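**Q** Hey, dropping data-v4.cif in here, mmCIF, C-alpha atoms:
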data_start
loop_
_atom_site.label_atom_id
_atom_site.label_comp_id
_atom_site.auth_asym_id
_atom_site.auth_seq_id
_atom_site.Cartn_x
_atom_site.Cartn_y
_atom_site.Cartn_z
CA MET A 1 -19.49 -96.87 88.43
CA ARG A 2 -18.22 -93.44 87.37
CA THR A 3 -21.81 -92.11 87.10
CA LEU A 4 -22.52 -93.28 90.65
CA ALA A 5 -19.40 -91.53 91.95
CA ILE A 6 -20.35 -88.27 90.21
CA ALA A 7 -23.91 -88.48 91.60
CA ALA A 8 -22.59 -89.07 95.12
CA LEU A 9 -20.22 -86.11 94.79
CA LEU A 10 -23.03 -83.83 93.62
CA CYS A 11 -25.28 -84.94 96.48
CA GLY A 12 -22.56 -84.08 98.99
CA VAL A 13 -21.62 -80.75 97.45
CA LEU A 14 -25.12 -79.53 96.70
CA GLY A 15 -26.74 -80.99 99.80
CA MET A 16 -29.67 -82.41 97.89
CA GLU A 17 -32.23 -84.31 99.96
CA GLY A 18 -33.38 -87.61 98.58
CA CYS A 19 -29.89 -88.64 97.48
CA ALA A 20 -29.14 -92.20 98.46
CA THR A 21 -26.03 -92.76 100.53
CA SER A 22 -24.09 -95.98 100.52
CA SER A 23 -22.05 -95.70 103.69
CA GLU A 24 -22.04 -94.44 107.25
CA ALA A 25 -19.37 -91.90 106.24
CA ASP A 26 -22.06 -90.02 104.30
CA ALA A 27 -24.40 -89.75 107.31
CA TRP A 28 -24.79 -86.49 109.22
CA PRO A 29 -22.81 -86.58 112.48
CA ASP A 30 -24.89 -87.15 115.62
CA LYS A 31 -23.07 -84.42 117.55
CA VAL A 32 -24.81 -81.09 116.89
CA VAL A 33 -23.05 -77.86 117.87
CA SER A 34 -23.88 -74.19 117.58
CA SER A 35 -22.18 -72.33 114.75
CA ASN A 36 -20.45 -70.07 117.29
CA GLN A 37 -18.72 -73.16 118.73
CA LEU A 38 -16.78 -73.50 115.45
CA ARG A 39 -13.99 -71.21 114.31
CA LEU A 40 -12.92 -70.74 110.73
CA ALA A 41 -9.30 -71.63 110.01
CA GLU A 42 -9.35 -69.29 106.99
CA PRO A 43 -11.65 -66.40 105.97
CA LEU A 44 -14.59 -67.27 103.72
CA GLN A 45 -14.72 -65.93 100.19
CA LEU A 46 -18.27 -65.22 99.08
CA ARG A 47 -18.43 -64.59 95.33
CA MET A 48 -21.64 -63.64 93.57
CA PRO A 49 -21.14 -63.00 89.86
CA ARG A 50 -23.83 -60.98 88.13
CA ARG A 51 -24.72 -60.81 84.45
CA ASN A 52 -25.11 -57.05 84.59
CA THR A 53 -22.77 -55.15 86.91
CA ASN A 54 -25.50 -52.53 87.44
CA ASP A 55 -27.81 -55.13 89.03
CA PRO A 56 -28.23 -54.54 92.75
CA MET A 57 -26.33 -56.76 95.17
CA PRO A 58 -28.64 -59.33 96.80
CA ASN A 59 -29.15 -59.03 100.55
CA GLY A 60 -30.33 -61.64 103.01
CA THR A 61 -29.46 -64.57 105.22
CA ALA A 62 -29.11 -68.13 103.97
CA VAL A 63 -28.93 -70.86 106.62
CA LEU A 64 -27.05 -74.02 105.71
CA ARG A 65 -26.63 -77.29 107.56
CA LEU A 66 -22.98 -78.38 107.56
CA HIS A 67 -21.19 -81.66 108.18
CA VAL A 68 -17.74 -80.69 109.48
CA ASP A 69 -15.44 -83.69 109.76
CA GLU A 70 -12.77 -84.38 112.38
CA SER A 71 -10.14 -82.54 110.31
CA GLY A 72 -12.32 -79.39 110.10
CA ALA A 73 -13.26 -79.84 106.42
CA VAL A 74 -16.86 -79.38 105.29
CA ARG A 75 -18.04 -82.74 103.95
CA LYS A 76 -21.52 -81.68 102.79
CA THR A 77 -24.06 -78.88 102.99
CA LEU A 78 -27.83 -78.57 102.87
CA LEU A 79 -29.80 -75.34 102.40
CA VAL A 80 -32.18 -75.13 105.38
CA SER A 81 -33.53 -71.59 104.93
CA SER A 82 -33.29 -69.52 101.77
CA SER A 83 -32.22 -65.89 101.73
CA GLY A 84 -34.82 -65.26 99.05
CA SER A 85 -32.11 -64.98 96.42
CA ALA A 86 -30.97 -68.04 94.48
CA VAL A 87 -27.69 -66.26 93.66
CA LEU A 88 -26.93 -65.58 97.33
CA ASP A 89 -27.98 -69.11 98.40
CA SER A 90 -25.71 -70.66 95.77
CA ALA A 91 -22.78 -68.39 96.67
CA ALA A 92 -23.16 -69.23 100.37
CA ALA A 93 -23.16 -72.98 99.62
CA ARG A 94 -20.07 -72.66 97.39
CA ALA A 95 -18.22 -70.63 100.04
CA LEU A 96 -18.99 -73.17 102.77
CA VAL A 97 -18.12 -76.24 100.68
CA GLY A 98 -14.57 -74.93 100.47
CA ALA A 99 -14.44 -73.75 104.09
CA LYS A 100 -11.94 -75.08 106.62
CA PHE A 101 -12.70 -74.95 110.34
CA ILE A 102 -10.53 -75.57 113.36
CA PRO A 103 -11.49 -79.16 114.31
CA TYR A 104 -14.14 -79.43 117.03
CA ARG A 105 -12.78 -81.21 120.08
CA GLU A 106 -14.55 -83.10 122.82
CA ALA A 107 -12.53 -84.62 125.67
CA GLY A 108 -9.39 -83.74 123.71
CA ALA A 109 -10.35 -85.71 120.59
CA ALA A 110 -11.39 -84.14 117.28
CA ILE A 111 -14.86 -85.32 116.26
CA PRO A 112 -17.20 -84.72 113.30
CA VAL A 113 -20.13 -82.38 113.95
CA THR A 114 -23.30 -81.02 112.41
CA THR A 115 -24.13 -77.32 112.67
CA LEU A 116 -26.50 -74.73 111.23
CA MET A 117 -24.51 -71.87 109.73
CA PRO A 118 -26.24 -68.55 108.93
CA MET A 119 -24.64 -66.59 106.07
CA ASN A 120 -25.75 -62.95 106.36
CA VAL A 121 -24.97 -60.69 103.40
CA LYS A 122 -25.59 -56.95 103.41
CA ALA A 123 -24.53 -55.04 100.33
CA SER A 124 -22.57 -51.85 100.65
CA ALA A 125 -22.26 -49.07 98.10
CA HIS A 126 -18.64 -49.97 97.20
CA CYS A 127 -19.76 -53.40 95.94
CA ARG A 128 -21.59 -51.91 92.96
CA GLY A 129 -19.98 -52.54 89.59
CA LEU A 130 -17.56 -55.28 90.62
CA SER A 131 -17.49 -58.53 88.68
CA PRO A 132 -17.16 -61.19 89.94
CA LEU A 133 -18.59 -59.67 93.08
CA ASP A 134 -16.52 -60.36 96.16
CA CYS A 135 -17.71 -58.04 98.94
#
Could you render the structure from this file as C-alpha coordinates?
**A**
Amino acid sequence: MRTLAIAALLCGVLGMEGCATSSEADAWPDKVVSSNQLRLAEPLQLRMPRRNTNDPMPNGTAVLRLHVDESGAVRKTLLVSSSGSAVLDSAAARALVGAKFIPYREAGAAIPVTTLMPMNVKASAHCRGLSPLDC
(Lines of atoms letter the chains of each structure in order from A and count residues from 1; the text may use other names and numbers.)
(Lines give C-alpha, C1' and ligand atoms only; values in the text may rest on other atoms or scores of the structure.)
Protein backbone atom coordinates (compact mmCIF):
# COMPACT_ATOMS: atom_id res chain seq x y z
CA MET A 1 0.00 0.00 0.00
CA ARG A 2 2.86 2.38 0.81
CA THR A 3 4.44 1.78 -2.63
CA LEU A 4 1.14 2.68 -4.31
CA ALA A 5 0.89 5.90 -2.31
CA ILE A 6 4.45 6.90 -3.24
CA ALA A 7 3.79 6.14 -6.92
CA ALA A 8 0.61 8.24 -6.86
CA LEU A 9 2.47 11.11 -5.21
CA LEU A 10 5.23 11.00 -7.83
CA CYS A 11 2.69 10.93 -10.67
CA GLY A 12 1.02 14.06 -9.28
CA VAL A 13 4.22 15.95 -8.57
CA LEU A 14 6.07 15.04 -11.75
CA GLY A 15 3.04 15.11 -14.03
CA MET A 16 3.93 11.85 -15.70
CA GLU A 17 1.51 10.65 -18.37
CA GLY A 18 0.52 7.02 -18.22
CA CYS A 19 0.17 7.02 -14.44
CA ALA A 20 -3.01 5.30 -13.36
CA THR A 21 -5.34 7.29 -11.15
CA SER A 22 -7.72 5.72 -8.71
CA SER A 23 -10.17 8.53 -8.05
CA GLU A 24 -11.98 11.46 -9.59
CA ALA A 25 -9.94 13.77 -7.33
CA ASP A 26 -6.88 12.97 -9.48
CA ALA A 27 -8.61 13.96 -12.74
CA TRP A 28 -7.82 17.26 -14.47
CA PRO A 29 -10.57 19.82 -13.82
CA ASP A 30 -12.98 20.37 -16.72
CA LYS A 31 -12.87 24.16 -16.34
CA VAL A 32 -9.95 25.51 -18.38
CA VAL A 33 -8.80 29.09 -17.82
CA SER A 34 -6.05 31.26 -19.24
CA SER A 35 -2.96 31.66 -17.07
CA ASN A 36 -3.61 35.42 -16.89
CA GLN A 37 -6.95 34.68 -15.17
CA LEU A 38 -5.01 33.33 -12.17
CA ARG A 39 -3.05 35.43 -9.71
CA LEU A 40 -0.24 34.16 -7.54
CA ALA A 41 -0.80 34.52 -3.80
CA GLU A 42 2.98 34.48 -3.26
CA PRO A 43 5.96 35.08 -5.59
CA LEU A 44 7.46 32.03 -7.27
CA GLN A 45 10.98 30.93 -6.41
CA LEU A 46 12.77 29.43 -9.39
CA ARG A 47 15.97 27.69 -8.32
CA MET A 48 18.35 26.11 -10.81
CA PRO A 49 21.45 24.66 -9.15
CA ARG A 50 24.43 24.09 -11.41
CA ARG A 51 27.39 21.77 -10.93
CA ASN A 52 29.81 24.42 -12.12
CA THR A 53 29.02 28.03 -11.24
CA ASN A 54 30.74 29.15 -14.46
CA ASP A 55 28.17 27.27 -16.58
CA PRO A 56 25.86 29.64 -18.42
CA MET A 57 22.34 30.16 -17.10
CA PRO A 58 19.77 28.32 -19.24
CA ASN A 59 17.26 30.47 -21.12
CA GLY A 60 13.89 29.52 -22.52
CA THR A 61 10.21 29.00 -21.90
CA ALA A 62 8.75 25.85 -20.39
CA VAL A 63 4.96 25.45 -20.61
CA LEU A 64 3.29 23.38 -17.90
CA ARG A 65 -0.28 22.23 -17.49
CA LEU A 66 -1.51 22.88 -13.94
CA HIS A 67 -4.38 21.57 -11.85
CA VAL A 68 -5.18 24.36 -9.38
CA ASP A 69 -7.69 23.25 -6.75
CA GLU A 70 -10.46 25.29 -5.12
CA SER A 71 -8.08 26.48 -2.38
CA GLY A 72 -5.55 27.78 -4.95
CA ALA A 73 -2.99 24.99 -4.39
CA VAL A 74 -1.34 23.27 -7.35
CA ARG A 75 -2.40 19.61 -7.23
CA LYS A 76 -0.36 18.36 -10.21
CA THR A 77 1.69 19.50 -13.18
CA LEU A 78 2.52 18.18 -16.63
CA LEU A 79 5.26 19.47 -18.93
CA VAL A 80 3.53 20.38 -22.21
CA SER A 81 6.37 22.16 -24.02
CA SER A 82 10.04 21.96 -23.10
CA SER A 83 12.30 24.98 -22.89
CA GLY A 84 15.07 22.89 -24.42
CA SER A 85 16.82 22.66 -21.07
CA ALA A 86 16.08 19.79 -18.69
CA VAL A 87 17.40 21.90 -15.79
CA LEU A 88 15.03 24.77 -16.56
CA ASP A 89 12.07 22.42 -17.15
CA SER A 90 12.67 20.69 -13.82
CA ALA A 91 13.10 24.00 -11.96
CA ALA A 92 9.85 25.34 -13.46
CA ALA A 93 7.94 22.20 -12.40
CA ARG A 94 9.37 22.38 -8.85
CA ALA A 95 8.48 26.08 -8.55
CA LEU A 96 4.90 25.49 -9.69
CA VAL A 97 4.31 22.42 -7.50
CA GLY A 98 4.82 24.65 -4.47
CA ALA A 99 2.90 27.61 -5.91
CA LYS A 100 -0.18 29.06 -4.26
CA PHE A 101 -2.75 30.98 -6.31
CA ILE A 102 -5.70 33.10 -5.30
CA PRO A 103 -8.63 30.66 -5.75
CA TYR A 104 -10.45 30.97 -9.08
CA ARG A 105 -14.07 31.96 -8.57
CA GLU A 106 -17.09 31.45 -10.76
CA ALA A 107 -20.48 32.76 -9.63
CA GLY A 108 -18.89 33.52 -6.26
CA ALA A 109 -17.75 29.95 -5.59
CA ALA A 110 -14.12 28.78 -5.68
CA ILE A 111 -13.66 25.99 -8.22
CA PRO A 112 -10.74 23.82 -9.41
CA VAL A 113 -9.28 24.74 -12.80
CA THR A 114 -6.79 23.60 -15.42
CA THR A 115 -4.44 26.10 -17.05
CA LEU A 116 -1.34 26.23 -19.23
CA MET A 117 1.38 28.23 -17.48
CA PRO A 118 4.39 29.49 -19.47
CA MET A 119 7.57 29.91 -17.40
CA ASN A 120 9.91 32.27 -19.28
CA VAL A 121 13.48 32.53 -17.99
CA LYS A 122 16.02 35.00 -19.35
CA ALA A 123 19.41 35.04 -17.68
CA SER A 124 21.00 38.30 -16.68
CA ALA A 125 24.67 38.98 -16.08
CA HIS A 126 24.23 39.25 -12.27
CA CYS A 127 23.07 35.60 -12.11
CA ARG A 128 26.51 34.27 -13.02
CA GLY A 129 28.36 32.53 -10.21
CA LEU A 130 25.46 32.09 -7.80
CA SER A 131 24.75 28.66 -6.36
CA PRO A 132 22.03 27.58 -5.95
CA LEU A 133 20.89 29.90 -8.70
CA ASP A 134 17.88 31.97 -7.78
CA CYS A 135 17.51 34.76 -10.35
**Q** To one decimal place in Å, what is the distance between CA of Gly72 (chain A) and CA of Asn59 (chain A)?
**A**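 Interatomic distance here is 28.1 Å.
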**Q** Hey, what's within 7 Å of Leu79 (chain A) if we count all atoms listed in the file and toss same-chain stuff fewer than 2 positions away? As a count of residues only, please?
**A** 7
**Q** Within 12 Å of (-29.9, -70.1, 98.3) (coordinates as in the file), grab all the protein and nucleic acid residues, counting all atoms listed in the file, and write them out as number ranges by chain.
**A** A: 14-15, 48, 58-64, 77-95, 118-121
**Q** From the options A:Leu44, A:Ala27, A:Ala73, A:Leu38, which residue's atoms come nearest to Arg105 (chain A), counting only C-alpha atoms?
**A**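 Distance minimum relative to Arg105 (chain A) lands on A:Leu38.
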**Q** How many Å separate CA of Val97 (chain A) from CA of Ala109 (chain A)?
**A** 23.4 Å
**Q** Can you measure CA of Leu96 (chain A) to CA of Gly108 (chain A) for me? One decimal in Å is fine.
**A**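 That distance, rounded to one decimal, is 25.3 Å.
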